[in-house]
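Asks: My file is work-v3.pdb. It has PDB, C-alpha atoms:
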MODEL        1
ATOM      1  CA  MET A 182     -72.159  40.329 -90.614
ATOM      2  CA  LEU A 183     -69.212  41.015 -92.912
ATOM      3  CA  ASP A 184     -69.598  44.756 -92.369
ATOM      4  CA  SER A 185     -69.537  44.285 -88.585
ATOM      5  CA  LEU A 186     -66.427  42.102 -88.863
ATOM      6  CA  LEU A 187     -64.654  44.761 -90.947
ATOM      7  CA  VAL A 188     -65.625  47.461 -88.440
ATOM      8  CA  PHE A 189     -64.352  45.292 -85.562
ATOM      9  CA  MET A 190     -61.048  44.740 -87.386
ATOM     10  CA  GLN A 191     -60.773  48.502 -87.884
ATOM     11  CA  ILE A 192     -61.384  49.066 -84.158
ATOM     12  CA  VAL A 193     -58.694  46.509 -83.224
ATOM     13  CA  LEU A 194     -56.249  48.198 -85.613
ATOM     14  CA  ILE A 195     -57.042  51.637 -84.186
ATOM     15  CA  ASN A 196     -56.521  50.233 -80.675
ATOM     16  CA  MET A 197     -53.135  48.827 -81.682
ATOM     17  CA  LEU A 198     -52.089  52.241 -82.990
ATOM     18  CA  LEU A 199     -53.554  54.367 -80.194
ATOM     19  CA  SER A 200     -52.686  52.121 -77.231
ATOM     20  CA  GLY A 201     -48.984  52.590 -77.836
ATOM     21  CA  ASP A 202     -48.935  55.880 -75.912
ATOM     22  CA  ASN A 203     -50.747  54.275 -72.967
ATOM     23  CA  ALA A 204     -48.243  51.423 -72.937
ATOM     24  CA  VAL A 205     -45.307  53.861 -72.973
ATOM     25  CA  VAL A 206     -46.753  55.832 -70.035
ATOM     26  CA  ILE A 207     -47.355  52.675 -67.971
ATOM     27  CA  ALA A 208     -43.871  51.329 -68.756
ATOM     28  CA  MET A 209     -42.080  54.600 -67.927
ATOM     29  CA  ALA A 210     -44.095  55.219 -64.737
ATOM     30  CA  SER A 211     -43.529  51.698 -63.395
ATOM     31  CA  ASN A 212     -39.911  51.340 -64.516
ATOM     32  CA  GLY A 213     -38.447  52.522 -61.197
ATOM     33  CA  LEU A 214     -40.441  50.054 -59.094
ATOM     34  CA  PRO A 215     -39.270  46.675 -57.745
ATOM     35  CA  SER A 216     -40.289  43.727 -59.915
ATOM     36  CA  ALA A 217     -43.333  42.667 -57.839
ATOM     37  CA  GLN A 218     -44.698  46.211 -57.580
ATOM     38  CA  ARG A 219     -43.944  46.839 -61.245
ATOM     39  CA  LYS A 220     -46.308  44.021 -62.232
ATOM     40  CA  LYS A 221     -49.025  45.442 -59.979
ATOM     41  CA  ALA A 222     -48.562  48.902 -61.499
ATOM     42  CA  VAL A 223     -48.833  47.478 -65.026
ATOM     43  CA  TRP A 224     -52.021  45.557 -64.203
ATOM     44  CA  TRP A 225     -53.672  48.390 -62.263
ATOM     45  CA  GLY A 226     -52.575  50.941 -64.849
ATOM     46  CA  SER A 227     -53.915  48.810 -67.706
ATOM     47  CA  ALA A 228     -57.199  48.249 -65.858
ATOM     48  CA  ALA A 229     -57.507  52.000 -65.279
ATOM     49  CA  ALA A 230     -56.867  52.702 -68.973
ATOM     50  CA  VAL A 231     -59.606  50.285 -70.057
ATOM     51  CA  LEU A 232     -62.070  51.514 -67.388
ATOM     52  CA  LEU A 233     -61.503  55.115 -68.419
ATOM     53  CA  ARG A 234     -62.182  54.208 -72.033
ATOM     54  CA  CYS A 235     -65.485  52.604 -71.039
ATOM     55  CA  ILE A 236     -66.552  55.697 -69.078
ATOM     56  CA  LEU A 237     -65.337  58.252 -71.592
ATOM     57  CA  THR A 238     -66.745  56.527 -74.679
ATOM     58  CA  VAL A 239     -70.215  57.857 -73.868
ATOM     59  CA  ALA A 240     -69.064  61.424 -73.277
ATOM     60  CA  ALA A 241     -66.051  61.710 -75.575
ATOM     61  CA  VAL A 242     -67.797  63.194 -78.613
ATOM     62  CA  ALA A 243     -69.431  65.947 -76.553
ATOM     63  CA  LEU A 244     -66.370  66.613 -74.399
ATOM     64  CA  LEU A 245     -63.967  66.992 -77.303
ATOM     65  CA  GLN A 246     -66.142  69.764 -78.784
ATOM     66  CA  ILE A 247     -65.501  71.966 -75.730
ATOM     67  CA  PRO A 248     -62.997  74.660 -76.782
ATOM     68  CA  TYR A 249     -59.551  74.480 -75.168
ATOM     69  CA  LEU A 250     -60.261  71.187 -73.359
ATOM     70  CA  GLN A 251     -57.831  69.292 -75.567
ATOM     71  CA  ALA A 252     -55.327  72.159 -75.310
ATOM     72  CA  THR A 253     -55.475  71.857 -71.519
ATOM     73  CA  GLY A 254     -55.076  68.086 -71.826
ATOM     74  CA  ALA A 255     -52.087  68.590 -74.127
ATOM     75  CA  LEU A 256     -50.428  70.844 -71.537
ATOM     76  CA  LEU A 257     -51.038  68.310 -68.758
ATOM     77  CA  LEU A 258     -49.777  65.426 -70.898
ATOM     78  CA  GLY A 259     -46.650  67.444 -71.711
ATOM     79  CA  MET A 260     -46.029  67.990 -67.985
ATOM     80  CA  ILE A 261     -46.473  64.269 -67.304
ATOM     81  CA  ALA A 262     -44.103  63.431 -70.178
ATOM     82  CA  VAL A 263     -41.453  65.749 -68.682
ATOM     83  CA  LYS A 264     -41.873  64.168 -65.229
ATOM     84  CA  LEU A 265     -41.629  60.607 -66.561
ATOM     85  CA  PHE A 266     -38.586  61.462 -68.677
ATOM     86  CA  ARG A 267     -36.891  63.253 -65.761
ATOM     87  CA  ASP A 268     -37.474  60.338 -63.374
ATOM     88  CA  ALA A 269     -36.318  57.738 -65.911
ATOM     89  CA  TYR A 270     -33.320  59.817 -66.990
ATOM     90  CA  ASN A 271     -32.183  60.327 -63.396
ATOM     91  CA  GLY A 272     -32.295  56.571 -62.816
ATOM     92  CA  GLU A 273     -30.231  55.937 -65.926
ATOM     93  CA  GLU A 274     -27.704  58.673 -65.080
ATOM     94  CA  ALA A 275     -27.288  57.424 -61.516
ATOM     95  CA  GLU A 276     -26.521  53.917 -62.759
ATOM     96  CA  LEU A 277     -23.846  55.295 -65.098
ATOM     97  CA  THR A 278     -22.215  57.359 -62.327
ATOM     98  CA  GLY A 279     -22.220  54.447 -59.887
ATOM     99  CA  SER A 280     -24.278  56.255 -57.283
ATOM    100  CA  GLY A 281     -25.382  54.174 -54.306
ATOM    101  CA  LYS A 282     -28.906  55.506 -54.650
ATOM    102  CA  ASN A 283     -29.078  54.474 -58.235
ATOM    103  CA  LYS A 284     -32.767  55.189 -58.737
ATOM    104  CA  ARG A 285     -35.146  57.724 -57.374
ATOM    105  CA  SER A 286     -37.602  56.020 -55.090
ATOM    106  CA  VAL A 287     -40.960  55.610 -56.751
ATOM    107  CA  SER A 288     -43.911  54.313 -54.782
ATOM    108  CA  LEU A 289     -46.585  52.074 -56.250
ATOM    109  CA  MET A 290     -49.343  54.615 -55.544
ATOM    110  CA  VAL A 291     -47.383  57.469 -57.152
ATOM    111  CA  ALA A 292     -46.811  55.345 -60.272
ATOM    112  CA  ILE A 293     -50.498  54.373 -60.471
ATOM    113  CA  ARG A 294     -51.638  57.990 -59.995
ATOM    114  CA  THR A 295     -49.328  59.104 -62.810
ATOM    115  CA  ILE A 296     -50.617  56.326 -65.079
ATOM    116  CA  VAL A 297     -54.289  57.129 -64.329
ATOM    117  CA  ALA A 298     -53.774  60.871 -64.960
ATOM    118  CA  ALA A 299     -52.037  60.267 -68.301
ATOM    119  CA  ASP A 300     -54.533  57.578 -69.348
ATOM    120  CA  PHE A 301     -57.439  59.912 -68.605
ATOM    121  CA  ILE A 302     -55.969  62.598 -70.851
ATOM    122  CA  MET A 303     -55.085  60.261 -73.724
ATOM    123  CA  SER A 304     -58.241  58.143 -73.554
ATOM    124  CA  LEU A 305     -60.386  61.138 -74.511
ATOM    125  CA  ASP A 306     -58.721  61.202 -77.908
ATOM    126  CA  ASN A 307     -58.592  57.418 -78.279
ATOM    127  CA  VAL A 308     -62.265  56.681 -77.642
ATOM    128  CA  LEU A 309     -63.390  59.373 -80.078
ATOM    129  CA  ALA A 310     -61.680  57.541 -82.944
ATOM    130  CA  ILE A 311     -63.173  54.217 -81.828
ATOM    131  CA  ALA A 312     -66.664  55.713 -81.360
ATOM    132  CA  ALA A 313     -66.519  57.241 -84.837
ATOM    133  CA  ILE A 314     -65.646  53.910 -86.456
ATOM    134  CA  ALA A 315     -68.228  51.944 -84.431
ATOM    135  CA  ASP A 316     -70.899  54.501 -85.396
ATOM    136  CA  GLY A 317     -72.529  54.266 -81.977
ATOM    137  CA  GLU A 318     -72.904  50.467 -81.980
ATOM    138  CA  PRO A 319     -72.533  49.530 -78.265
ATOM    139  CA  VAL A 320     -71.527  45.898 -78.914
ATOM    140  CA  LEU A 321     -68.744  46.923 -81.271
ATOM    141  CA  LEU A 322     -67.625  49.627 -78.845
ATOM    142  CA  ILE A 323     -67.385  47.129 -75.976
ATOM    143  CA  LEU A 324     -65.566  44.579 -78.141
ATOM    144  CA  GLY A 325     -63.155  47.268 -79.258
ATOM    145  CA  ILE A 326     -62.405  48.263 -75.667
ATOM    146  CA  VAL A 327     -61.963  44.624 -74.599
ATOM    147  CA  ALA A 328     -59.569  44.123 -77.509
ATOM    148  CA  SER A 329     -57.369  46.897 -76.113
ATOM    149  CA  ILE A 330     -56.712  45.029 -72.830
ATOM    150  CA  PRO A 331     -54.059  42.542 -74.057
ATOM    151  CA  ILE A 332     -52.566  45.216 -76.321
ATOM    152  CA  ILE A 333     -51.971  47.610 -73.414
ATOM    153  CA  ILE A 334     -50.752  44.924 -70.977
ATOM    154  CA  TRP A 335     -48.432  43.189 -73.452
ATOM    155  CA  GLY A 336     -47.231  46.517 -74.807
ATOM    156  CA  SER A 337     -46.448  47.804 -71.295
ATOM    157  CA  HIS A 338     -44.411  44.690 -70.432
ATOM    158  CA  PHE A 339     -42.572  44.843 -73.759
ATOM    159  CA  VAL A 340     -41.760  48.569 -73.556
ATOM    160  CA  GLY A 341     -40.775  48.234 -69.876
ATOM    161  CA  ALA A 342     -38.370  45.394 -70.678
ATOM    162  CA  LEU A 343     -36.812  47.482 -73.460
ATOM    163  CA  LEU A 344     -36.398  50.481 -71.124
ATOM    164  CA  ARG A 345     -34.641  48.348 -68.524
ATOM    165  CA  LYS A 346     -32.371  46.743 -71.125
ATOM    166  CA  PHE A 347     -31.716  49.939 -73.096
ATOM    167  CA  PRO A 348     -32.140  52.922 -70.696
ATOM    168  CA  PRO A 349     -31.437  55.575 -73.394
ATOM    169  CA  LEU A 350     -34.799  54.608 -74.926
ATOM    170  CA  VAL A 351     -36.357  56.958 -72.353
ATOM    171  CA  TYR A 352     -35.625  59.647 -74.964
ATOM    172  CA  VAL A 353     -37.823  57.789 -77.468
ATOM    173  CA  GLY A 354     -40.605  57.389 -74.904
ATOM    174  CA  ALA A 355     -40.479  61.088 -74.022
ATOM    175  CA  ALA A 356     -40.489  61.959 -77.732
ATOM    176  CA  LEU A 357     -43.604  59.846 -78.377
ATOM    177  CA  LEU A 358     -45.482  61.428 -75.476
ATOM    178  CA  GLY A 359     -44.371  64.915 -76.522
ATOM    179  CA  TYR A 360     -45.637  64.266 -80.041
ATOM    180  CA  ALA A 361     -48.952  62.955 -78.648
ATOM    181  CA  ALA A 362     -49.330  66.166 -76.606
ATOM    182  CA  GLY A 363     -48.674  68.235 -79.730
ATOM    183  CA  GLU A 364     -51.264  66.245 -81.681
ATOM    184  CA  MET A 365     -53.862  66.909 -78.969
ATOM    185  CA  LEU A 366     -53.025  70.614 -79.062
ATOM    186  CA  VAL A 367     -53.524  71.030 -82.811
ATOM    187  CA  SER A 368     -56.781  69.027 -82.644
ATOM    188  CA  ASP A 369     -58.388  71.442 -80.171
ATOM    189  CA  PRO A 370     -61.537  73.010 -81.720
ATOM    190  CA  GLY A 371     -60.865  76.298 -79.902
ATOM    191  CA  LEU A 372     -57.505  76.656 -81.665
ATOM    192  CA  SER A 373     -58.585  75.249 -85.039
ATOM    193  CA  ARG A 374     -59.119  78.634 -86.682
ATOM    194  CA  LEU A 375     -55.624  79.756 -85.743
ATOM    195  CA  ILE A 376     -53.745  76.517 -86.374
ATOM    196  CA  HIS A 377     -55.602  75.092 -89.377
ATOM    197  CA  SER A 378     -55.080  78.323 -91.319
ATOM    198  CA  SER A 379     -51.469  77.197 -91.675
ATOM    199  CA  ALA A 380     -50.724  73.607 -92.693
ATOM    200  CA  THR A 381     -47.069  74.164 -91.798
ATOM    201  CA  MET A 382     -47.950  75.152 -88.229
ATOM    202  CA  HIS A 383     -50.313  72.184 -87.892
ATOM    203  CA  ASP A 384     -47.509  69.782 -88.833
ATOM    204  CA  ALA A 385     -44.732  71.628 -87.012
ATOM    205  CA  ILE A 386     -46.265  71.951 -83.526
ATOM    206  CA  PRO A 387     -46.277  68.176 -82.688
ATOM    207  CA  LEU A 388     -42.690  67.908 -83.969
ATOM    208  CA  PHE A 389     -41.644  70.963 -81.943
ATOM    209  CA  CYS A 390     -43.082  69.358 -78.780
ATOM    210  CA  ILE A 391     -40.602  66.449 -79.063
ATOM    211  CA  PRO A 392     -37.407  68.416 -78.292
ATOM    212  CA  LEU A 393     -39.359  70.743 -75.971
ATOM    213  CA  VAL A 394     -40.259  67.888 -73.593
ATOM    214  CA  ILE A 395     -36.706  66.518 -73.603
ATOM    215  CA  ILE A 396     -35.037  69.925 -73.133
ATOM    216  CA  ILE A 397     -37.335  70.907 -70.233
ATOM    217  CA  GLY A 398     -36.751  67.487 -68.659
ATOM    218  CA  LEU A 399     -32.971  67.856 -68.923
ATOM    219  CA  ILE A 400     -32.909  71.442 -67.649
ATOM    220  CA  GLY A 401     -35.044  70.712 -64.608
ATOM    221  CA  ARG A 402     -33.368  67.485 -63.504
ATOM    222  CA  PRO A 403     -31.733  67.486 -60.053
ATOM    223  CA  LYS A 404     -27.963  66.965 -59.960
ATOM    224  CA  LEU A 405     -26.813  63.555 -58.834
ATOM    225  CA  ARG A 406     -23.719  63.071 -56.770
ATOM    226  CA  ALA A 407     -21.341  60.218 -57.514
ATOM    227  CA  HIS A 408     -20.040  58.271 -54.508
TER     228      HIS A 408
ENDMDL
END
For this file, write the structure as structure tokens.
Replies:
Amino acid sequence: MLDSLLVFMQIVLINMLLSGDNAVVIAMASNGLPSAQRKKAVWWGSAAAVLLRCILTVAAVALLQIPYLQATGALLLGMIAVKLFRDAYNGEEAELTGSGKNKRSVSLMVAIRTIVAADFIMSLDNVLAIAAIADGEPVLLILGIVASIPIIIWGSHFVGALLRKFPPLVYVGAALLGYAAGEMLVSDPGLSRLIHSSATMHDAIPLFCIPLVIIIGLIGRPKLRAH
């Protein structure tokens, strides 16, 4: 009983650490929506994140052994991070310039699709850590996934409120997602022989992805006209 309790506490802790990226994605994707739609995006996005974890828990161990799957996921997550940063940055810049169209229009369905795509990529990595700790115990796995629900929802609301109050924090959000993409890349079994031969490269790649995401996002942003 005590062992199961300790394992459950470990799973909750892992969820707290790993759900941060999901919360950042949901907050950044829903930040440009009206208040009512923003709440729907947070709830639907959180539900999608939890559902994906349930589905992927069974297959995660096998899937993550496929060479270059995580590298592909890292590339996709990097592209999503750039898009989210670009959209959020444009909204912030437009507010500062006093533009009448102060935010790029974001639809609820577009926000949810972005959240689901990012959650799918990140959940592969998340459920592997949880499955390893639970050692295949289905009850502990389910409890661990259920425990992630309030963490993701509360975290999304909290991060979203911070982004609206302090718009420059979009740089921090983009940096976190860029780092997560870099971590996925160096964890790919197909690249392990190349990357793990150099500890410096293994540590440097996630850090290099932080400015890379921000620079690409800034270079590719459309110019806004002040009125």
Asks: For this structure, which residues satisfy the selection - the PyMOL selection byres ((chain A and resi 291) around 12) - when it is evaluated on the file as given? I want them as number ranges by chain.
Replies: A: 207, 210-211, 213-214, 218-219, 222, 226, 264-265, 286-290, 292-298
Asks: Record the distance separating CA of Tyr249 in chain A and CA of Gly363 in chain A, expressed in Å with one decimal.
Replies: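 Interatomic distance here is 13.3 Å.
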Asks: What does the distance from CA of Ile400 in chain A to CA of Val263 in chain A come to in Å, to one decimal?
Replies: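 Separation of CA of Ile400 in chain A and CA of Val263 in chain A: 10.3 Å.
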Asks: Which distance in Å separates CA of Phe189 in chain A and CA of Ile333 in chain A, to one decimal?
Replies: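 Computing the Euclidean distance for CA of Phe189 in chain A and CA of Ile333 in chain A yields 17.5 Å.
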Asks: Which residues, written as a list of chain:residue names, have at least one atom at most 8 Å from range 255-262 of chain A, with only C-alpha atoms counted and residues fewer than 5 positions away on the same chain left out?
Replies: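 The contact residues come out as A:Thr295, A:Ala299, A:Ile302, A:Met303, A:Ala355, A:Leu358, A:Gly359, A:Ala361, A:Ala362, A:Gly363, A:Glu364, A:Met365, A:Leu366, A:Val394.
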Asks: So what does the PyMOL selection byres ((chain A and resi 393) around 10) actually pick up in this one, as a list of chain:residue names?
Replies: A:Gly259, A:Val263, A:Ala355, A:Ala356, A:Gly359, A:Tyr360, A:Pro387, A:Leu388, A:Phe389, A:Cys390, A:Ile391, A:Pro392, A:Val394, A:Ile395, A:Ile396, A:Ile397, A:Gly398, A:Leu399
Asks: For Gln246 in chain A, which of A:Leu372, A:Val205, A:Leu357, A:Leu343 is the closest residue, counting all atoms listed in the file?
Replies: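 For Gln246 in chain A, the nearest of the given residues is A:Leu372.
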Asks: Report the residues retrieved by the PyMOL selection byres ((chain A and resi 248) around 10) from the displayed file, expressed as JSON, numbers by chain.
Replies: {"A": [244, 245, 246, 247, 249, 250, 251, 252, 253, 369, 370, 371, 372, 373]}
Asks: Using all atoms listed in the file, pick whichever of A:Arg234, A:Lys221, A:His383, A:Arg374 has the shortest atom-to-atom distance to Ala208 in chain A.
Replies: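 The shortest atom-to-atom distance to Ala208 in chain A comes from A:Lys221.
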Asks: Could you check which residues have any atom within 6 Å of (-37.8, 53.2, -74.4), counting all atoms listed in the file with coordinates taken straight from the file, and then list them as a short mmCIF file (atom, residue, chain, number, x, y, z; two decimals) with C-alpha atoms, in the coordinates of the input?
Replies:
data_model
loop_
_atom_site.label_atom_id
_atom_site.label_comp_id
_atom_site.auth_asym_id
_atom_site.auth_seq_id
_atom_site.Cartn_x
_atom_site.Cartn_y
_atom_site.Cartn_z
CA LEU A 343 -36.81 47.48 -73.46
CA LEU A 344 -36.40 50.48 -71.12
CA LEU A 350 -34.80 54.61 -74.93
CA VAL A 351 -36.36 56.96 -72.35
CA VAL A 353 -37.82 57.79 -77.47
CA GLY A 354 -40.60 57.39 -74.90
#
Asks: Which residues are near Ile330 in chain A? Cut-off 8 Å, only C-alpha atoms, ignore same chain within fewer than 2 positions. Put them as a PyMOL selection string.
Replies: chain A and resi 227-228+231+326-328+332-334
